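Accompanying notes for the structure given below.
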Number of protein chains: 2
Amino acid sequence: MGVTIKDVAKRVGVTPATVSMVINNKPRISEETRRKVRQAIEELDYFPHEGARSLVLQRTNTLGVAAPFFTSYFVLETLSGIERAVRESDYNLVLYGTRGLAETEEAVVTRIARERKVDGLISINLALKPEQVALFQRNNVRVICLENEAEGCDWVRVDNVSGAREATAHLLGLGHRSVALVTGPTGSVAKQREQGYREALLAAGLRPEDAPRIEAPNYSREDGLEAGARILAAKRRPTAVFVAAGDVCATGVLLAFKRAGVSVPREISLVGFDDQPFAELMEPALTTVRQPMERMGREAFGLLRDALKETRERTPVRRDFETELIVRGSTSRAKA
Amino acid sequence: MGVTIKDVAKRVGVTPATVSMVINNKPRISEETRRKVRQAIEELDYFPHEGARSLVLQRTNTLGVAAPFFTSYFVLETLSGIERAVRESDYNLVLYGTRGLAETEEAVVTRIARERKVDGLISINLALKPEQVALFQRNNVRVICLENEAEGCDWVRVDNVSGAREATAHLLGLGHRSVALVTGPTGSVAKQREQGYREALLAAGLRPEDAPRIEAPNYSREDGLEAGARILAAKRRPTAVFVAAGDVCATGVLLAFKRAGVSVPREISLVGFDDQPFAELMEPALTTVRQPMERMGREAFGLLRDALKETRERTPVRRDFETELIVRGSTSRAKA
DNA sequence: CTGTTAGCGCCTTCAG
DNA sequence: CTGAAGGCGCTAACAG
C-alpha cells in the first residue's frame with residue numbers, strides 16, 4: 001500500500017539495510033550514498049512505518065495516561081501539562097479512562113500492562129494495587145503516579161497535608177474557633193487533607209470533634225448543597241467551613257448558604273480547594289488552595305522519560321509540590 | 001522478554017498458527033486442541049502483542065483525536081464523549097495537540113497521516129486544508145471533522161447559525177433594539193454565529209451596522225473585559241450584548257460592566273455561548289446557548305467506526321446538532 | 001483438522 | 001563501506 005523502505009532501496013540500488021542506516025544516522029555510510037538515499041526518500045515521499053519499528057526496537061514511543069475521568073478539572077489540567085511536554089518530545093499519548101469503576105479500572109490496567117502499546121504510563125488518581133504494579137514491572141511498563149501513591153512507583157503529588165493545614169490556619173488566624181470540614185470519600189488525598197485540617201486545629205488548642213465533619217461522596221455541587229444545609233442545621237453553628245472536597249463542592253455549600261439567607265463571609269467564612277477558574281468569578285470570590293497542576297503534569301512526564309532512559313530499576317522518586325493559598329472575598333475576620 | 005505465541009505453541013506441541021486460530025476463534029480446530037491451547041495460554045499468562053498484530057493486519061485499532069488545545073471546554077467535553085464511546089469499543093485513543101499554532105498543526109497532521117499509528121482521526125477545530133485531506137486519504141486514514149468542516153470529510157457540528165439567531169431573537173423579543181456582538185476571530189464558526197445574529201436583526205427590521213461589533217481574538221476573559229469597556233464607551237450604548245465568543249469571554253464582559261457600576265440585566269442584558277458549568281453560578285446567572293458536546297463526541301466516534309467498516313469511500317456524512325437556549329438571570333425586558 | 005511457508009516493514013548482526 | 005541473512009510476534013494461504 002504505502003511506500004516502504006524496500007522501494008527506496010530499489011530506487012537507489014542499495015539494500016534496505018543501507019537505507020535504514022541512513023534514516024537512523026548511523027555512521028559508516030558514504031556521503032554519496034547518504035545523499036542519494038535522502039533524495040530518494042524525498043522523491044518517493046517515504047516515511048518509516050512506526051509500528052514496524054516498534055516491533056523490532058521493542059519500544060513504542062508511546063506513553064499512556066490513565067485516569068478515572070477526563071472531565072475532572074485536576075485531571076484535565078495535569079493532562080494539559082503532560083500533553084504540552086509530550087508534544088515537545090516525540091512521544092505519542094494514549095488515553096485510558098476507567099469511568100471511576102473499580103472493575104473497569106482492573107480491566108483497563110491489565111490491558112495496558114499486557115497489550116504493550118505503551119512504554120510507560122502516568123496513572124492519575126488510580127488506586128493501583130501491588131499486584132498491578134508488579135504486572136507492569138513484569139511487562140516492562142514504567143509507571144508514574146500522579147496524585148495517588150503506589151508502592152514501588154515514582155510519584156508526583158501535592159502536599160495536601162500542608163495545603164489543608166494552611167487553609168485551616170488562615171481561618172483560625174481570622175479568629176474562627178469552630179471550623180467545619182467538608183471532605184471527600186475515603187482515599188489517601190482526602191485523608192491527607194483531613195490530617196492537615198486536624199493538625200491546624202490541634203495546634204490552636206481546638207478539638208476537631210467539636211465542629212461538623214461532613215462527607216461529600218462525589219465531590220459534587222449537590223453534595224455541597226447538602227453539606228451546607230447540614231452545617232446550618234448543626235446545633236452549634238460553625239463560623240467557618242473548609243471544603244477540602246474541592247471548589248465544585250464549595251459552590252454547592254455557598255449556594256446552600258445563600259438560599260438560607262446566610263451571608264458569606266459576614267456570617268460564615270468559606271475556603272475551597274483547587275482554585276478552579278470560576279473560583280475568582282463567584283460572589284463572593286472564593287478563598288481557596290491552588291495546586292500547580294500543569295507543572296505537576298510536566299514533571300510526571302519528565303520523570304517517566306527519565307525512567308525510560310534507565311534500563312535498570314531505580315529507587316522510586318517522589319515529588320511533592322507546594323500548594324498556594326489564594327485569599328479572596330469568601331473569608332473574613334470572625335465577629336467577636 | 002514477554003511470553004509469545006511460540007511459547008504457547010511449544011508447550012502444547014502445536015504450531016503458532018494453530019494457537020493464532022484458537023485466539024481468533026477461527027473454526028476448524030478440534031475441541032481437544034482448542035482446550036489445550038486455552039489452558040496453556042492461561043498457564044503461561046499469554047497475551048497477544050498488539051503491535052505485531054497491527055503490522056500484519058494492517059490496522060492499529062487506534063483512533064486519533066487532534067485539537068488545538070485540550071483545555072478548551074468544548075474540546076474537553078467532546079473528548080469526554082469520544083472517550084466514553086471508545087471505552088465501550090476496543091479501540092485506543094491517541095491525543096494530538098497542535099497548540100493552536102499553524103506550523104505545529106501542519107507538522108502534527110503530516111505526522112498523523114504518515115506515521116500510521118491510527119486508523120482514523122477525529123479533528124476538532126482544525127483548519128484542514130484540501131491537500132491534508134488528500135494526504136489522509138492516500139494513507140488510508142479516515143477523518144471526521146468536529147466543529148470545523150473540511151471538504152471530502154464527514155463532519156459533526158452544531159447549527160451555529162440557528163443558535164446565534166435564537167439567542168439574538170430572544171433579546172429582540174425582550175424589546176431590545178440595539179444588540180452588540182462580541183465575536184471570535186475569523187473562522188467558520190465565528191462567521192456562522194455572526195450570520196445568525198445578522199439574520200435575526202434583519203428579520204426584525206434592524207441594521208447590524210448600528211450596534212457595536214467587537215472581536216475577541218482569544219475568546220478570553222481579558223478580551224471580554226476590553227470588549228465590555230468598549231461597549232460602554234460606545235456613543236449610543238446598546239441595551240444588550242450577545243457574546244458569540246463564548247461564556248469565558250462573557251465573564252469578562254460582565255466583569256467590565258460590574259466595575260463600571262452598570263447593572264446586568266437591569267441596564268444591559270447579556271447572552272453567552274456554550275453553557276459552561278460556571279454560567280449557572282455567575283451573578284447574575286448567564287443566559288447562554290448550550291451545545292450537546294458530549295453527544296457530538298459520541299456521534300463523531302460512531303461515524304468514524306462506521307467509516308472504518310466500509311472499505312470503499314462513501315459520500316461524506318454531515319450531522320448538524322441543534323443548540324438549546326438556556327434562559328437565566330442575565331437577560332431581562334428592555335426598559336421602555 | 002493441523003502444519004508449513006511466507007511475509008507484514010523494519011533493524012541489527014555478521015560477512016565481505 | 002555495503003550486502004545478505006535473520007528475526008521482532010503474529011496471521012493468511014496453501015498443503016498435507
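Within each chain, counting starts at residue 1; across the C-alpha cells, chains are named A, B, ... in the order shown, with ligands numbered 1 upward in that order.
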
Chain D near stretch 3-16 of chain A within 10 Å: what's each residue's closest atom pair and its distance in Å to one decimal, counting only C-alpha atoms (C1' of nucleotides), ordered by chain then ascending residue number, as CSV?
```
residue,atom,partner,partner_atom,distance
D:DT2,C1',A:Val14,CA,8.1
D:DG3,C1',A:Thr15,CA,6.8
D:DA4,C1',A:Thr15,CA,9.2
```

Export of prior selection with N, CA and C atoms (P, O5', C5', C4', C3', O3' and C1' of nucleotides) as a PDB file, in the first residue's frame:
```
ATOM      1  P    DT D   2      28.464   2.962   1.068  1.00  0.00           P
ATOM      2  O5'  DT D   2      27.981   1.456   1.076  1.00  0.00           O
ATOM      3  C5'  DT D   2      28.168   0.693  -0.110  1.00  0.00           C
ATOM      4  C4'  DT D   2      27.899  -0.744   0.206  1.00  0.00           C
ATOM      5  C3'  DT D   2      26.418  -1.114   0.265  1.00  0.00           C
ATOM      6  O3'  DT D   2      26.172  -1.967  -0.826  1.00  0.00           O
ATOM      7  C1'  DT D   2      27.682  -2.198   1.956  1.00  0.00           C
ATOM      8  P    DG D   3      24.640  -2.294  -1.191  1.00  0.00           P
ATOM      9  O5'  DG D   3      24.596  -3.876  -0.961  1.00  0.00           O
ATOM     10  C5'  DG D   3      25.590  -4.681  -1.600  1.00  0.00           C
ATOM     11  C4'  DG D   3      25.512  -6.088  -1.048  1.00  0.00           C
ATOM     12  C3'  DG D   3      24.106  -6.670  -1.005  1.00  0.00           C
ATOM     13  O3'  DG D   3      24.138  -7.999  -1.493  1.00  0.00           O
ATOM     14  C1'  DG D   3      25.057  -6.726   1.172  1.00  0.00           C
ATOM     15  P    DA D   4      22.799  -8.797  -1.730  1.00  0.00           P
ATOM     16  O5'  DA D   4      22.950 -10.018  -0.731  1.00  0.00           O
ATOM     17  C5'  DA D   4      24.221 -10.404  -0.210  1.00  0.00           C
ATOM     18  C4'  DA D   4      24.023 -11.416   0.918  1.00  0.00           C
ATOM     19  C3'  DA D   4      22.653 -12.091   0.910  1.00  0.00           C
ATOM     20  O3'  DA D   4      22.813 -13.426   1.343  1.00  0.00           O
ATOM     21  C1'  DA D   4      22.913 -10.888   2.920  1.00  0.00           C
TER      22       DA D   4
END
```

| message | Taking only C-alpha atoms (C1' of nucleotides) into account, find every residue of chain B that has an atom no more than 7 Å from chain C, and write it out as a list in words. | response |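 Residues of chain B within 7 Å of chain C, counting only C-alpha atoms (C1' of nucleotides): Thr15, Arg28, Ile29, Ser30, Leu55 and Val56 of chain B.
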
Preceding selection exported with C-alpha atoms as a short mmCIF file (atom, residue, chain, number, x, y, z; two decimals), in the first residue's frame:
```cif
data_model
loop_
_atom_site.label_atom_id
_atom_site.label_comp_id
_atom_site.auth_asym_id
_atom_site.auth_seq_id
_atom_site.Cartn_x
_atom_site.Cartn_y
_atom_site.Cartn_z
CA THR B 15 2.47 -24.57 15.72
CA ARG B 28 -11.83 -25.99 12.08
CA ILE B 29 -9.83 -26.54 15.22
CA SER B 30 -10.75 -29.60 17.24
CA LEU B 55 1.64 -4.98 11.45
CA VAL B 56 0.18 -7.99 9.77
#
```

Could you make a table, as a Markdown table, of the residues of chain A that have an atom within 6 Å of an atom of chain B, each with its nearest atom pair and distance in Å to one decimal, counting only C-alpha atoms, in chain and number order?
```
| residue | atom | partner | partner_atom | distance |
| --- | --- | --- | --- | --- |
| A:His49 | CA | B:Glu115 | CA | 5.8 |
| A:Glu50 | CA | B:Glu115 | CA | 5.6 |
| A:Leu93 | CA | B:Val94 | CA | 5.4 |
| A:Val94 | CA | B:Val94 | CA | 4.3 |
| A:Leu95 | CA | B:Leu93 | CA | 5.5 |
| A:Glu115 | CA | B:Glu50 | CA | 5.6 |
```

Give me the residues of chain D that have any atom at most 8 Å from an atom of chain B; for each, the nearest atom pair and the distance in Å, rounded to one decimal. Use only C-alpha atoms (C1' of nucleotides), sort by chain and number, and format it as JSON lines.
```
{"residue": "D:DG9", "atom": "C1'", "partner": "B:Ala52", "partner_atom": "CA", "distance": 5.1}
{"residue": "D:DC10", "atom": "C1'", "partner": "B:Arg53", "partner_atom": "CA", "distance": 5.4}
{"residue": "D:DT11", "atom": "C1'", "partner": "B:Val56", "partner_atom": "CA", "distance": 6.6}
```

Please return, as a list in words, all residues of stretch 286-329 of chain A that DSSP assigns to alpha helix (DSSP H) on the basis of the backbone.
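Secondary structure check on stretch 286-329 of chain A, alpha helix (DSSP H): Met293, Glu294, Arg295, Met296, Gly297, Arg298, Glu299, Ala300, Phe301, Gly302, Leu303, Leu304, Arg305, Asp306, Ala307, Leu308 and Lys309 of chain A.
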
Item to complete: Excluding A:Thr311 and residues on its chain fewer than 5 positions from it, collect all residues at most 12 Å away from it, counting only C-alpha atoms (C1' of nucleotides), and give them as a list of chain:residue names.
Response: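 After dropping sequence-adjacent residues, the list is A:Asn140, A:Val141, A:Arg142, A:Arg305, A:Asp306.
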
DSSP strand (DSSP E or B) residues within stretch 247-290 of chain B, listed as a list in words: Ser269, Leu270, Val271, Asp274, Thr287, Thr288, Val289 and Arg290 of chain B

Would you output that residue set with N, CA and C atoms, as a PDB file, in the first residue's frame?
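Saved file again34.pdb follows:
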```pdb
ATOM      1  N   SER B 269     -28.521  43.718  29.054  1.00  0.00           N
ATOM      2  CA  SER B 269     -28.705  42.262  29.079  1.00  0.00           C
ATOM      3  C   SER B 269     -27.520  41.581  28.407  1.00  0.00           C
ATOM      4  N   LEU B 270     -27.267  40.325  28.814  1.00  0.00           N
ATOM      5  CA  LEU B 270     -26.068  39.634  28.347  1.00  0.00           C
ATOM      6  C   LEU B 270     -26.392  38.173  28.023  1.00  0.00           C
ATOM      7  N   VAL B 271     -25.949  37.743  26.844  1.00  0.00           N
ATOM      8  CA  VAL B 271     -26.125  36.328  26.460  1.00  0.00           C
ATOM      9  C   VAL B 271     -24.776  35.757  26.044  1.00  0.00           C
ATOM     10  N   ASP B 274     -22.224  28.504  24.969  1.00  0.00           N
ATOM     11  CA  ASP B 274     -21.533  27.288  25.439  1.00  0.00           C
ATOM     12  C   ASP B 274     -22.263  26.602  26.578  1.00  0.00           C
ATOM     13  N   THR B 287     -27.535  33.770  30.802  1.00  0.00           N
ATOM     14  CA  THR B 287     -28.334  33.224  29.716  1.00  0.00           C
ATOM     15  C   THR B 287     -27.365  32.867  28.594  1.00  0.00           C
ATOM     16  N   THR B 288     -27.489  31.657  28.061  1.00  0.00           N
ATOM     17  CA  THR B 288     -26.477  31.230  27.099  1.00  0.00           C
ATOM     18  C   THR B 288     -27.006  30.147  26.175  1.00  0.00           C
ATOM     19  N   VAL B 289     -26.180  29.770  25.201  1.00  0.00           N
ATOM     20  CA  VAL B 289     -26.592  28.795  24.201  1.00  0.00           C
ATOM     21  C   VAL B 289     -25.842  27.486  24.451  1.00  0.00           C
ATOM     22  N   ARG B 290     -26.577  26.454  24.734  1.00  0.00           N
ATOM     23  CA  ARG B 290     -25.950  25.177  25.067  1.00  0.00           C
ATOM     24  C   ARG B 290     -25.729  24.320  23.818  1.00  0.00           C
TER      25      ARG B 290
END
```

Quick one: residues within 7 Å of stretch 121-136 of chain A, only C-alpha atoms (C1' of nucleotides), excluding same-chain residues fewer than 6 positions away - as a PDB file with N, CA and C atoms, in the first residue's frame?
```
ATOM      1  N   LEU A  63       3.276   6.849  25.234  1.00  0.00           N
ATOM      2  CA  LEU A  63       3.024   6.827  26.668  1.00  0.00           C
ATOM      3  C   LEU A  63       1.524   6.818  26.908  1.00  0.00           C
ATOM      4  N   GLY A  64       1.110   6.213  27.978  1.00  0.00           N
ATOM      5  CA  GLY A  64      -0.304   6.185  28.317  1.00  0.00           C
ATOM      6  C   GLY A  64      -0.611   7.122  29.470  1.00  0.00           C
ATOM      7  N   VAL A  65      -1.818   7.631  29.485  1.00  0.00           N
ATOM      8  CA  VAL A  65      -2.304   8.370  30.644  1.00  0.00           C
ATOM      9  C   VAL A  65      -3.625   7.734  31.038  1.00  0.00           C
ATOM     10  N   ALA A  66      -3.706   7.249  32.261  1.00  0.00           N
ATOM     11  CA  ALA A  66      -4.938   6.626  32.726  1.00  0.00           C
ATOM     12  C   ALA A  66      -5.511   7.456  33.851  1.00  0.00           C
ATOM     13  N   ALA A  67      -6.816   7.638  33.821  1.00  0.00           N
ATOM     14  CA  ALA A  67      -7.491   8.418  34.852  1.00  0.00           C
ATOM     15  C   ALA A  67      -8.947   7.974  34.917  1.00  0.00           C
ATOM     16  N   PRO A  68      -9.586   8.188  36.050  1.00  0.00           N
ATOM     17  CA  PRO A  68     -10.990   7.811  36.159  1.00  0.00           C
ATOM     18  C   PRO A  68     -11.852   8.577  35.149  1.00  0.00           C
ATOM     19  N   VAL A  75      -7.589  16.444  36.561  1.00  0.00           N
ATOM     20  CA  VAL A  75      -7.088  15.561  35.505  1.00  0.00           C
ATOM     21  C   VAL A  75      -6.830  16.356  34.228  1.00  0.00           C
ATOM     22  N   ALA A 113      -1.083  -3.030  30.652  1.00  0.00           N
ATOM     23  CA  ALA A 113       0.164  -3.701  31.001  1.00  0.00           C
ATOM     24  C   ALA A 113       0.537  -4.762  29.977  1.00  0.00           C
ATOM     25  N   ARG A 142       6.905   1.222  32.587  1.00  0.00           N
ATOM     26  CA  ARG A 142       7.199   2.101  33.711  1.00  0.00           C
ATOM     27  C   ARG A 142       5.953   2.883  34.098  1.00  0.00           C
ATOM     28  N   VAL A 143       5.771   3.095  35.370  1.00  0.00           N
ATOM     29  CA  VAL A 143       4.576   3.798  35.843  1.00  0.00           C
ATOM     30  C   VAL A 143       4.949   4.977  36.744  1.00  0.00           C
ATOM     31  N   ILE A 144       4.310   6.099  36.488  1.00  0.00           N
ATOM     32  CA  ILE A 144       4.424   7.248  37.374  1.00  0.00           C
ATOM     33  C   ILE A 144       3.036   7.536  37.930  1.00  0.00           C
ATOM     34  N   CYS A 145       2.952   7.726  39.216  1.00  0.00           N
ATOM     35  CA  CYS A 145       1.657   8.028  39.818  1.00  0.00           C
ATOM     36  C   CYS A 145       1.500   9.529  39.983  1.00  0.00           C
ATOM     37  N   LEU A 146       0.350  10.006  39.654  1.00  0.00           N
ATOM     38  CA  LEU A 146       0.059  11.412  39.840  1.00  0.00           C
ATOM     39  C   LEU A 146      -1.091  11.497  40.827  1.00  0.00           C
ATOM     40  N   GLU A 147      -0.863  12.212  41.907  1.00  0.00           N
ATOM     41  CA  GLU A 147      -1.877  12.417  42.947  1.00  0.00           C
ATOM     42  C   GLU A 147      -2.054  11.206  43.871  1.00  0.00           C
ATOM     43  N   ASN A 148      -2.177  10.025  43.298  1.00  0.00           N
ATOM     44  CA  ASN A 148      -2.221   8.854  44.173  1.00  0.00           C
ATOM     45  C   ASN A 148      -0.793   8.350  44.366  1.00  0.00           C
ATOM     46  N   ALA A 150       1.613   4.796  44.856  1.00  0.00           N
ATOM     47  CA  ALA A 150       1.618   3.336  44.846  1.00  0.00           C
ATOM     48  C   ALA A 150       3.035   2.890  45.167  1.00  0.00           C
ATOM     49  N   GLU A 151       3.138   1.957  46.049  1.00  0.00           N
ATOM     50  CA  GLU A 151       4.430   1.455  46.492  1.00  0.00           C
ATOM     51  C   GLU A 151       5.247   0.980  45.290  1.00  0.00           C
TER      52      GLU A 151
END
```

Residues within 10 Å of B:Pro292, only C-alpha atoms (C1' of nucleotides), excluding chain neighbours under 5 positions, as a short mmCIF file (atom, residue, chain, number, x, y, z; two decimals) with all heavy atoms, in the first residue's frame:
```cif
data_model
loop_
_atom_site.label_atom_id
_atom_site.label_comp_id
_atom_site.auth_asym_id
_atom_site.auth_seq_id
_atom_site.Cartn_x
_atom_site.Cartn_y
_atom_site.Cartn_z
N PHE B 74 -15.00 23.18 25.11
CA PHE B 74 -15.64 22.45 24.02
C PHE B 74 -14.87 21.18 23.69
O PHE B 74 -15.43 20.09 23.58
CB PHE B 74 -15.72 23.34 22.77
CG PHE B 74 -16.41 22.65 21.62
CD1 PHE B 74 -17.78 22.67 21.51
CD2 PHE B 74 -15.66 21.97 20.67
CE1 PHE B 74 -18.42 22.02 20.47
CE2 PHE B 74 -16.29 21.31 19.62
CZ PHE B 74 -17.68 21.35 19.52
N GLU B 77 -15.17 18.55 26.54
CA GLU B 77 -16.45 17.86 26.65
C GLU B 77 -16.65 16.89 25.51
O GLU B 77 -17.15 15.78 25.70
CB GLU B 77 -17.60 18.87 26.67
CG GLU B 77 -17.75 19.57 28.00
CD GLU B 77 -18.13 18.60 29.12
OE1 GLU B 77 -19.08 17.83 28.95
OE2 GLU B 77 -17.44 18.64 30.15
N THR B 78 -16.30 17.28 24.32
CA THR B 78 -16.46 16.35 23.20
C THR B 78 -15.51 15.18 23.38
O THR B 78 -15.86 14.03 23.13
CB THR B 78 -16.21 17.05 21.85
OG1 THR B 78 -15.00 17.77 21.91
CG2 THR B 78 -17.33 18.00 21.52
N GLY B 81 -16.98 12.68 25.52
CA GLY B 81 -17.95 11.84 24.82
C GLY B 81 -17.27 10.79 23.96
O GLY B 81 -17.67 9.63 23.92
N ARG B 157 -21.21 18.90 13.70
CA ARG B 157 -21.11 20.24 14.25
C ARG B 157 -22.45 20.66 14.80
O ARG B 157 -23.44 19.93 14.72
CB ARG B 157 -20.64 21.21 13.17
CG ARG B 157 -21.61 21.27 12.03
CD ARG B 157 -21.25 22.31 11.00
NE ARG B 157 -22.38 22.47 10.12
CZ ARG B 157 -22.41 23.24 9.05
NH1 ARG B 157 -21.34 23.93 8.71
NH2 ARG B 157 -23.49 23.33 8.32
N VAL B 158 -22.46 21.85 15.31
CA VAL B 158 -23.67 22.37 15.87
C VAL B 158 -24.18 23.41 14.88
O VAL B 158 -23.40 23.97 14.10
CB VAL B 158 -23.34 22.99 17.26
CG1 VAL B 158 -23.02 24.44 17.13
CG2 VAL B 158 -24.44 22.71 18.23
N ASP B 274 -22.22 28.50 24.97
CA ASP B 274 -21.53 27.29 25.44
C ASP B 274 -22.26 26.60 26.58
O ASP B 274 -22.30 25.39 26.64
CB ASP B 274 -20.11 27.55 25.96
CG ASP B 274 -19.09 27.66 24.87
OD1 ASP B 274 -19.43 27.31 23.73
OD2 ASP B 274 -17.97 28.13 25.13
N ASP B 275 -22.77 27.42 27.50
CA ASP B 275 -23.29 26.90 28.76
C ASP B 275 -22.23 26.10 29.51
O ASP B 275 -22.37 24.91 29.78
CB ASP B 275 -24.54 26.04 28.58
CG ASP B 275 -25.23 25.80 29.92
OD1 ASP B 275 -25.09 26.66 30.81
OD2 ASP B 275 -25.87 24.75 30.08
N GLY B 297 -19.46 14.29 20.50
CA GLY B 297 -18.28 13.44 20.56
C GLY B 297 -18.61 11.99 20.26
O GLY B 297 -17.95 11.32 19.47
N PHE B 321 -26.11 19.31 14.88
CA PHE B 321 -26.86 19.20 16.12
C PHE B 321 -27.52 20.54 16.44
O PHE B 321 -27.02 21.60 16.07
CB PHE B 321 -25.93 18.81 17.27
CG PHE B 321 -25.62 17.35 17.30
CD1 PHE B 321 -24.75 16.78 16.38
CD2 PHE B 321 -26.22 16.53 18.25
CE1 PHE B 321 -24.47 15.43 16.41
CE2 PHE B 321 -25.94 15.17 18.28
CZ PHE B 321 -25.06 14.62 17.35
N GLU B 322 -28.65 20.45 17.12
CA GLU B 322 -29.35 21.67 17.50
C GLU B 322 -28.81 22.22 18.81
O GLU B 322 -28.46 21.47 19.71
CB GLU B 322 -30.85 21.37 17.66
CG GLU B 322 -31.57 21.17 16.34
CD GLU B 322 -31.40 22.37 15.40
OE1 GLU B 322 -31.63 23.51 15.84
OE2 GLU B 322 -31.02 22.15 14.23
N THR B 323 -28.79 23.52 18.91
CA THR B 323 -28.41 24.15 20.18
C THR B 323 -29.66 24.34 21.03
O THR B 323 -30.77 24.13 20.55
CB THR B 323 -27.83 25.55 19.94
OG1 THR B 323 -28.80 26.31 19.22
CG2 THR B 323 -26.55 25.46 19.14
N GLU B 324 -29.47 24.74 22.25
CA GLU B 324 -30.60 24.99 23.13
C GLU B 324 -30.34 26.29 23.89
O GLU B 324 -29.28 26.44 24.51
CB GLU B 324 -30.75 23.83 24.10
CG GLU B 324 -31.96 23.92 25.01
CD GLU B 324 -31.94 22.81 26.07
OE1 GLU B 324 -31.02 21.98 26.04
OE2 GLU B 324 -32.85 22.80 26.91
#
```
